[in-house]
file input32.txt (compact mmCIF, C-alpha atoms)
# COMPACT_ATOMS: atom_id res chain seq x y z
CA MET A 18 14.66 -339.02 -38.34
CA THR A 19 11.80 -341.43 -37.72
CA GLN A 20 12.61 -344.02 -35.08
CA ARG A 21 12.82 -347.57 -36.37
CA ILE A 22 10.62 -350.47 -35.36
CA ILE A 23 12.09 -353.79 -34.25
CA ALA A 24 10.36 -356.85 -35.73
CA LEU A 25 11.27 -360.19 -34.14
CA VAL A 26 11.14 -363.10 -36.55
CA ASP A 27 11.86 -366.78 -35.97
CA GLY A 28 10.78 -370.01 -37.62
CA SER A 29 7.23 -369.86 -36.24
CA ILE A 30 4.00 -369.58 -38.19
CA TYR A 31 3.57 -366.12 -36.66
CA SER A 32 6.62 -364.63 -38.38
CA ALA A 33 4.82 -363.85 -41.65
CA SER A 34 2.16 -362.00 -39.65
CA VAL A 35 4.88 -360.05 -37.82
CA CYS A 36 6.24 -359.01 -41.23
CA ASP A 37 2.78 -357.99 -42.48
CA HIS A 38 2.17 -355.90 -39.37
CA ALA A 39 5.61 -354.32 -39.77
CA VAL A 40 4.65 -353.36 -43.33
CA TRP A 41 1.45 -351.76 -42.00
CA VAL A 42 3.28 -349.80 -39.30
CA ALA A 43 6.04 -348.68 -41.69
CA GLY A 44 3.52 -347.66 -44.33
CA ARG A 45 1.57 -345.44 -41.92
CA THR A 46 4.51 -343.93 -40.03
CA GLY A 47 7.40 -343.99 -42.50
CA ALA A 48 9.51 -345.82 -39.92
CA PRO A 49 12.41 -348.01 -41.03
CA VAL A 50 12.19 -351.66 -40.00
CA GLU A 51 14.90 -353.71 -38.34
CA LEU A 52 14.33 -357.46 -38.60
CA LEU A 53 15.86 -359.32 -35.67
CA ASN A 54 16.43 -363.05 -35.26
CA VAL A 55 17.85 -364.17 -31.93
CA LEU A 56 19.51 -367.55 -31.52
CA GLY A 57 19.19 -368.60 -27.90
CA ARG A 58 22.26 -369.60 -25.98
CA HIS A 59 21.29 -373.26 -26.28
CA GLU A 60 21.38 -372.85 -30.06
CA GLY A 61 24.93 -371.61 -30.10
CA PRO A 62 28.20 -373.41 -29.48
CA GLN A 63 28.17 -375.67 -26.42
CA THR A 64 30.74 -374.73 -23.83
CA GLN A 65 30.35 -377.50 -21.28
CA ASP A 66 33.12 -380.04 -20.69
CA LEU A 67 32.10 -382.98 -22.84
CA SER A 68 34.76 -385.21 -21.36
CA GLY A 69 32.98 -385.07 -18.01
CA ALA A 70 29.72 -386.11 -19.63
CA ILE A 71 31.24 -389.16 -21.33
CA ARG A 72 33.32 -390.29 -18.36
CA LEU A 73 34.32 -393.97 -18.69
CA GLY A 74 35.59 -395.11 -22.06
CA ALA A 75 36.12 -391.62 -23.41
CA HIS A 76 38.46 -391.38 -26.37
CA SER A 77 39.90 -388.28 -27.91
CA ALA A 78 38.47 -389.23 -31.32
CA LEU A 79 34.95 -389.42 -29.90
CA LEU A 80 35.37 -386.10 -28.12
CA LYS A 81 36.56 -384.48 -31.32
CA GLU A 82 33.60 -385.90 -33.23
CA LEU A 83 31.17 -384.52 -30.66
CA SER A 84 32.89 -381.16 -30.81
CA ASP A 85 32.74 -381.14 -34.61
CA LEU A 86 29.03 -382.03 -34.53
CA ASP A 87 28.37 -379.20 -32.11
CA ALA A 88 30.23 -376.74 -34.33
CA GLN A 89 28.30 -377.98 -37.35
CA ARG A 90 24.98 -377.59 -35.53
CA SER A 91 25.88 -374.04 -34.53
CA LYS A 92 26.79 -373.22 -38.14
CA LEU A 93 23.52 -374.68 -39.44
CA MET A 94 21.47 -372.73 -36.89
CA ALA A 95 23.19 -369.52 -37.97
CA GLN A 96 22.53 -370.32 -41.63
CA ARG A 97 18.88 -370.99 -40.83
CA GLY A 98 18.65 -367.70 -38.93
CA ARG A 99 20.04 -365.80 -41.90
CA ALA A 100 17.59 -367.58 -44.23
CA ILE A 101 14.68 -366.54 -42.00
CA LEU A 102 15.86 -362.93 -42.11
CA GLU A 103 16.26 -363.05 -45.89
CA ASP A 104 12.72 -364.40 -46.34
CA ALA A 105 11.32 -361.75 -44.00
CA GLN A 106 13.21 -359.02 -45.81
CA ALA A 107 11.80 -360.26 -49.13
CA ILE A 108 8.25 -359.86 -47.77
CA LEU A 109 8.92 -356.28 -46.70
CA ILE A 110 10.59 -355.39 -50.00
CA ARG A 111 7.70 -356.91 -51.94
CA ASP A 112 5.23 -354.81 -49.97
CA GLY A 113 7.08 -351.55 -50.44
CA VAL A 114 9.08 -350.96 -47.26
CA ALA A 115 12.00 -348.78 -48.26
CA GLU A 116 14.34 -348.95 -45.26
CA ILE A 117 15.11 -352.42 -43.92
CA ALA A 118 17.96 -353.72 -41.80
CA THR A 119 18.55 -357.31 -40.67
CA ARG A 120 20.33 -358.52 -37.57
CA LEU A 121 21.24 -362.02 -36.39
CA ARG A 122 22.29 -362.33 -32.77
CA HIS A 123 23.18 -365.01 -30.22
CA GLY A 124 22.17 -364.70 -26.59
CA ASP A 125 19.28 -364.16 -24.22
CA ILE A 126 16.37 -362.72 -26.17
CA VAL A 127 15.38 -360.12 -23.58
CA GLU A 128 18.91 -358.78 -23.22
CA THR A 129 19.36 -358.79 -27.00
CA VAL A 130 16.06 -357.03 -27.68
CA ASP A 131 16.79 -354.46 -24.99
CA GLU A 132 20.11 -353.64 -26.63
CA ALA A 133 18.69 -353.60 -30.16
CA ALA A 134 15.70 -351.47 -29.21
CA LYS A 135 17.66 -348.46 -27.99
CA ASP A 136 16.30 -345.40 -29.80
CA ALA A 137 13.56 -347.55 -31.39
CA ALA A 138 9.86 -346.68 -31.37
CA MET A 139 8.18 -350.07 -31.12
CA ILE A 140 8.76 -353.81 -30.81
CA LEU A 141 6.75 -356.27 -32.90
CA ILE A 142 6.52 -359.89 -31.81
CA GLY A 143 4.32 -362.88 -32.59
CA LYS A 144 1.84 -364.11 -30.01
CA ARG A 145 3.63 -367.44 -29.81
CA GLY A 146 7.12 -368.50 -30.76
CA GLU A 147 8.52 -371.37 -32.74
CA ALA A 148 8.29 -373.83 -29.84
CA ALA A 149 4.54 -373.21 -29.41
CA ASN A 150 3.19 -373.25 -32.95
CA PHE A 151 0.29 -375.51 -32.14
CA ALA A 152 -0.10 -374.92 -28.41
CA LYS A 153 -3.20 -372.72 -28.55
CA GLY A 154 -3.44 -372.40 -24.79
CA HIS A 155 0.17 -371.37 -24.39
CA LEU A 156 1.45 -367.82 -24.59
CA GLY A 157 5.04 -367.46 -25.70
CA SER A 158 7.31 -367.20 -22.67
CA ASN A 159 9.61 -364.85 -24.57
CA LEU A 160 6.68 -362.54 -25.26
CA GLU A 161 5.86 -362.25 -21.57
CA ARG A 162 9.51 -361.65 -20.68
CA ILE A 163 9.88 -358.94 -23.32
CA VAL A 164 6.67 -357.15 -22.29
CA ARG A 165 7.80 -357.19 -18.66
CA ALA A 166 11.24 -355.81 -19.51
CA SER A 167 10.56 -353.34 -22.32
CA SER A 168 9.79 -349.66 -21.87
CA LEU A 169 8.69 -349.45 -25.52
CA PRO A 170 5.23 -350.13 -26.91
CA VAL A 171 4.98 -353.82 -27.85
CA LEU A 172 2.71 -354.86 -30.72
CA VAL A 173 1.69 -358.51 -30.38
CA ALA A 174 0.80 -359.97 -33.76
CA PRO A 175 -1.85 -362.69 -34.08
CA ARG A 176 -1.57 -365.54 -36.54
CA ALA A 177 -2.72 -363.53 -39.54
CA PHE A 178 -2.91 -359.89 -40.59
CA LYS A 179 -6.09 -358.17 -41.67
CA PRO A 180 -6.68 -354.49 -42.49
CA ILE A 181 -7.02 -352.29 -39.40
CA ALA A 182 -9.70 -349.60 -39.25
CA LYS A 183 -11.41 -349.94 -35.84
CA VAL A 184 -9.50 -349.80 -32.54
CA LEU A 185 -10.64 -350.74 -29.04
CA LEU A 186 -8.80 -348.86 -26.30
CA ALA A 187 -9.17 -350.69 -22.97
CA TYR A 188 -9.17 -347.87 -20.44
CA ASP A 189 -9.04 -348.18 -16.64
CA GLY A 190 -7.89 -344.69 -15.72
CA GLY A 191 -4.42 -345.83 -14.65
CA GLY A 192 -1.13 -344.26 -15.67
CA SER A 193 -0.37 -346.63 -18.53
CA ALA A 194 -3.95 -346.30 -19.83
CA ARG A 195 -3.59 -342.51 -19.92
CA LYS A 196 -0.29 -342.96 -21.74
CA ALA A 197 -2.10 -345.20 -24.24
CA VAL A 198 -4.59 -342.40 -24.92
CA ASP A 199 -1.74 -339.94 -25.50
CA HIS A 200 0.10 -342.46 -27.68
CA ILE A 201 -2.90 -342.84 -29.97
CA ALA A 202 -3.51 -339.09 -30.07
CA ARG A 203 -0.01 -338.19 -31.26
CA ASN A 204 1.01 -341.21 -33.33
CA PRO A 205 0.42 -341.15 -37.10
CA LEU A 206 -0.07 -344.91 -36.91
CA PHE A 207 -3.66 -344.29 -35.78
CA ALA A 208 -4.55 -341.35 -38.01
CA GLY A 209 -8.00 -341.80 -39.51
CA LEU A 210 -8.89 -344.88 -37.47
CA ALA A 211 -12.09 -345.12 -35.42
CA VAL A 212 -11.34 -345.42 -31.70
CA HIS A 213 -13.67 -346.81 -29.02
CA VAL A 214 -12.63 -346.15 -25.42
CA VAL A 215 -14.02 -348.91 -23.20
CA THR A 216 -13.94 -349.43 -19.44
CA VAL A 217 -14.92 -352.63 -17.64
CA GLY A 218 -16.84 -351.96 -14.42
CA SER A 219 -19.58 -349.65 -13.25
CA ALA A 220 -20.43 -346.21 -14.59
CA SER A 221 -19.41 -344.27 -11.49
CA PRO A 222 -18.86 -340.50 -11.70
CA GLU A 223 -15.10 -341.11 -11.61
CA VAL A 224 -15.25 -343.64 -14.44
CA THR A 225 -17.55 -341.42 -16.51
CA LYS A 226 -15.23 -338.44 -16.10
CA GLY A 227 -12.19 -340.55 -17.00
CA LEU A 228 -13.84 -341.71 -20.21
CA ALA A 229 -14.90 -338.16 -21.06
CA ASP A 230 -11.37 -336.86 -20.52
CA ALA A 231 -9.90 -339.63 -22.69
CA ALA A 232 -12.46 -338.97 -25.43
CA ALA A 233 -11.78 -335.23 -25.31
CA ARG A 234 -8.04 -335.79 -25.71
CA LEU A 235 -8.59 -337.99 -28.74
CA GLN A 236 -11.26 -335.77 -30.29
CA GLY A 237 -8.92 -332.84 -29.90
CA ALA A 238 -6.42 -334.77 -32.01
CA GLY A 239 -9.03 -335.27 -34.72
CA PHE A 240 -10.34 -338.74 -33.92
CA SER A 241 -13.87 -340.06 -34.18
CA VAL A 242 -14.41 -341.48 -30.68
CA GLN A 243 -17.06 -343.52 -28.91
CA THR A 244 -17.04 -344.56 -25.26
CA ALA A 245 -18.64 -347.41 -23.35
CA VAL A 246 -18.75 -349.03 -19.91
CA ILE A 247 -19.29 -352.79 -19.96
CA GLN A 248 -19.78 -355.38 -17.24
CA GLY A 249 -17.95 -358.62 -16.51
CA GLN A 250 -14.45 -359.96 -16.17
CA PRO A 251 -12.11 -357.73 -18.19
CA ASP A 252 -10.55 -360.43 -20.38
CA THR A 253 -13.87 -362.12 -21.19
CA ALA A 254 -15.91 -358.95 -21.63
CA LEU A 255 -13.33 -357.18 -23.79
CA GLY A 256 -12.65 -360.32 -25.81
CA GLN A 257 -16.34 -360.76 -26.55
CA MET A 258 -16.65 -357.12 -27.57
CA VAL A 259 -13.71 -357.45 -29.97
CA GLU A 260 -15.45 -360.40 -31.63
CA SER A 261 -19.03 -359.11 -31.64
CA ASP A 262 -18.29 -355.53 -32.70
CA GLY A 263 -15.60 -356.32 -35.25
CA PHE A 264 -12.59 -354.54 -33.78
CA ASP A 265 -9.31 -354.86 -35.68
CA MET A 266 -6.89 -353.96 -32.86
CA VAL A 267 -6.79 -353.65 -29.08
CA VAL A 268 -4.68 -351.00 -27.35
CA MET A 269 -4.16 -351.14 -23.61
CA GLY A 270 -1.76 -350.17 -20.89
CA ALA A 271 0.66 -352.87 -19.87
CA TYR A 272 -0.12 -352.07 -16.24
CA GLY A 273 -3.38 -351.01 -14.63
CA HIS A 274 -4.71 -350.02 -11.23
CA SER A 275 -7.94 -351.99 -11.21
CA ARG A 276 -9.11 -355.47 -12.16
CA ILE A 277 -7.27 -355.04 -15.45
CA ARG A 278 -3.98 -354.98 -13.49
CA GLY A 279 -3.45 -358.73 -13.68
CA LEU A 280 -4.73 -358.95 -17.23
CA ILE A 281 -1.48 -358.14 -18.98
CA ILE A 282 1.33 -358.43 -16.49
CA GLY A 283 0.82 -360.70 -13.53
CA SER A 284 1.43 -364.07 -12.03
CA THR A 285 -0.81 -365.75 -14.62
CA THR A 286 -0.49 -365.82 -18.38
CA THR A 287 -2.22 -363.15 -20.42
CA GLN A 288 -5.73 -364.26 -21.22
CA MET A 289 -6.52 -361.23 -23.32
CA ILE A 290 -3.63 -361.68 -25.71
CA ARG A 291 -4.12 -365.42 -25.70
CA SER A 292 -7.76 -365.24 -26.75
CA CYS A 293 -7.76 -362.25 -29.10
CA LYS A 294 -7.43 -362.89 -32.82
CA VAL A 295 -6.43 -359.28 -33.47
CA PRO A 296 -3.17 -357.45 -32.72
CA VAL A 297 -2.75 -356.09 -29.21
CA LEU A 298 -0.61 -353.02 -28.61
CA LEU A 299 0.72 -352.74 -25.07
CA ILE A 300 1.78 -349.34 -23.77
CA ARG A 301 4.03 -348.85 -20.74

call {"tool": "encode", "arguments": {"input": "input32.txt", "output": "structure tokens"}}
result
Amino acid sequence: MTQRIIALVDGSIYSASVCDHAVWVAGRTGAPVELLNVLGRHEGPQTQDLSGAIRLGAHSALLKELSDLDAQRSKLMAQRGRAILEDAQAILIRDGVAEIATRLRHGDIVETVDEAAKDAAMILIGKRGEAANFAKGHLGSNLERIVRASSLPVLVAPRAFKPIAKVLLAYDGGGSARKAVDHIARNPLFAGLAVHVVTVGSASPEVTKGLADAAARLQGAGFSVQTAVIQGQPDTALGQMVESDGFDMVVMGAYGHSRIRGLIIGSTTTQMIRSCKVPVLLIR
């Protein structure tokens, strides 16, 4: 049985793109899709002692009214979550996805995704969440937390979907980069796509051999492969190459052993994901 993919949807402008990318993945792999909407703990019922917050002049009627309002808010948030899932499901049905499940959950998003993603193949998430719709310089905090915590590949969807034919694999020779090569080689998601394996740095004998080994692995799996070594800061150089050469997707290891190390997971936000207008697939 094909492992399902988990698609996280919320009320953000990225959710439609997440659905479109889920359709693409499901269409190429035959994987069922599970749509997941997570209501944060602050969106659920409040458990604090309201009487302590009101202090002087508190009356039981006022406390009851506040409690009723809180219960009503929780109910409305749940209804909204179900509506989001229904709309997302309608997109997938319209575009031909056969197997779809929906799940509404309360709790911490990382813990919830970790539980939901057991036996899954991939997590799909928008670049930014509902709270950052218009904050172009801000990367969703939930995205960073999920990438840090997940052992699964994470596909980060940009604002809009476009057909994917040309893939840039950012390769630094590290363990996760080698896993990314293997992932592409054996995954039907990439069948028939053109793959360019690119390293940022100098063309040392070690780098040249690493690129040749990666290309050989992919060519052995039937891919048309090109390799390149480019100069500059990894995020800037790779981002410019994506734009200038018309790549439709970036694949890279979530962790590296060179200057790319801090690019995806580090003390600073992810410049590569932040600047790219194409989906980025992160491999652990």

call {"tool": "closest_residue", "arguments": {"input": "input32.txt", "among": "A:Pro49, A:Thr19, A:Ala238, A:Ile181", "to": "His200 (chain A)", "atoms": "all atoms listed in the file"}}
result
A:Ala238

call {"tool": "closest_residue", "arguments": {"input": "input32.txt", "among": "A:Leu206, A:Ala95, A:Leu79, A:Ala177", "to": "Ala48 (chain A)", "atoms": "only C-alpha atoms"}}
result
A:Leu206

call {"tool": "atom_distance", "arguments": {"input": "input32.txt", "atom1": "CA of Leu228 (chain A)", "atom2": "CA of His213 (chain A)"}}
result
10.2 Å

call {"tool": "axis_aligned_box", "arguments": {"input": "input32.txt", "around": "region 244-260 of chain A", "padding_each_side": "3 Å", "output": "AutoDock Vina command-line options"}}
result
--center_x -15.2 --center_y -353.3 --center_z -23.9 --size_x 15.2 --size_y 23.6 --size_z 21.5

call {"tool": "atom_distance", "arguments": {"input": "input32.txt", "atom1": "CA of Met266 (chain A)", "atom2": "CA of Leu298 (chain A)"}}
result
7.6 Å

call {"tool": "residues_around", "arguments": {"input": "input32.txt", "residues": "Asp265 (chain A)", "least_positions_apart": "5", "cutoff": "7 Å", "atoms": "all atoms listed in the file", "output": "list in words"}}
result
Ile181, Ala182, Lys183, Val184 and Val295 of chain A

call {"tool": "closest_residue", "arguments": {"input": "input32.txt", "among": "A:Ala43, A:Val246, A:Leu186, A:Met289", "to": "Ser219 (chain A)", "atoms": "only C-alpha atoms"}}
result
A:Val246

call {"tool": "residues_near_point", "arguments": {"input": "input32.txt", "point": "(12.4, -358.9, -33.6)", "cutoff": "10 Å", "atoms": "all atoms listed in the file", "output": "PyMOL selection string"}}
result
chain A and resi 22-27+32+35-36+50-55+119-121+126+129-130+133-134+140-143

call {"tool": "write_last_selection", "arguments": {"input": "input32.txt", "atoms": "C-alpha atoms", "output": "compact mmCIF listing (two decimals), in the frame of the given file"}}
result
# COMPACT_ATOMS: atom_id res chain seq x y z
CA ILE A 22 10.62 -350.47 -35.36
CA ILE A 23 12.09 -353.79 -34.25
CA ALA A 24 10.36 -356.85 -35.73
CA LEU A 25 11.27 -360.19 -34.14
CA VAL A 26 11.14 -363.10 -36.55
CA ASP A 27 11.86 -366.78 -35.97
CA SER A 32 6.62 -364.63 -38.38
CA VAL A 35 4.88 -360.05 -37.82
CA CYS A 36 6.24 -359.01 -41.23
CA VAL A 50 12.19 -351.66 -40.00
CA GLU A 51 14.90 -353.71 -38.34
CA LEU A 52 14.33 -357.46 -38.60
CA LEU A 53 15.86 -359.32 -35.67
CA ASN A 54 16.43 -363.05 -35.26
CA VAL A 55 17.85 -364.17 -31.93
CA THR A 119 18.55 -357.31 -40.67
CA ARG A 120 20.33 -358.52 -37.57
CA LEU A 121 21.24 -362.02 -36.39
CA ILE A 126 16.37 -362.72 -26.17
CA THR A 129 19.36 -358.79 -27.00
CA VAL A 130 16.06 -357.03 -27.68
CA ALA A 133 18.69 -353.60 -30.16
CA ALA A 134 15.70 -351.47 -29.21
CA ILE A 140 8.76 -353.81 -30.81
CA LEU A 141 6.75 -356.27 -32.90
CA ILE A 142 6.52 -359.89 -31.81
CA GLY A 143 4.32 -362.88 -32.59

call {"tool": "atom_distance", "arguments": {"input": "input32.txt", "atom1": "CA of Val259 (chain A)", "atom2": "CA of Lys294 (chain A)"}}
result
8.8 Å
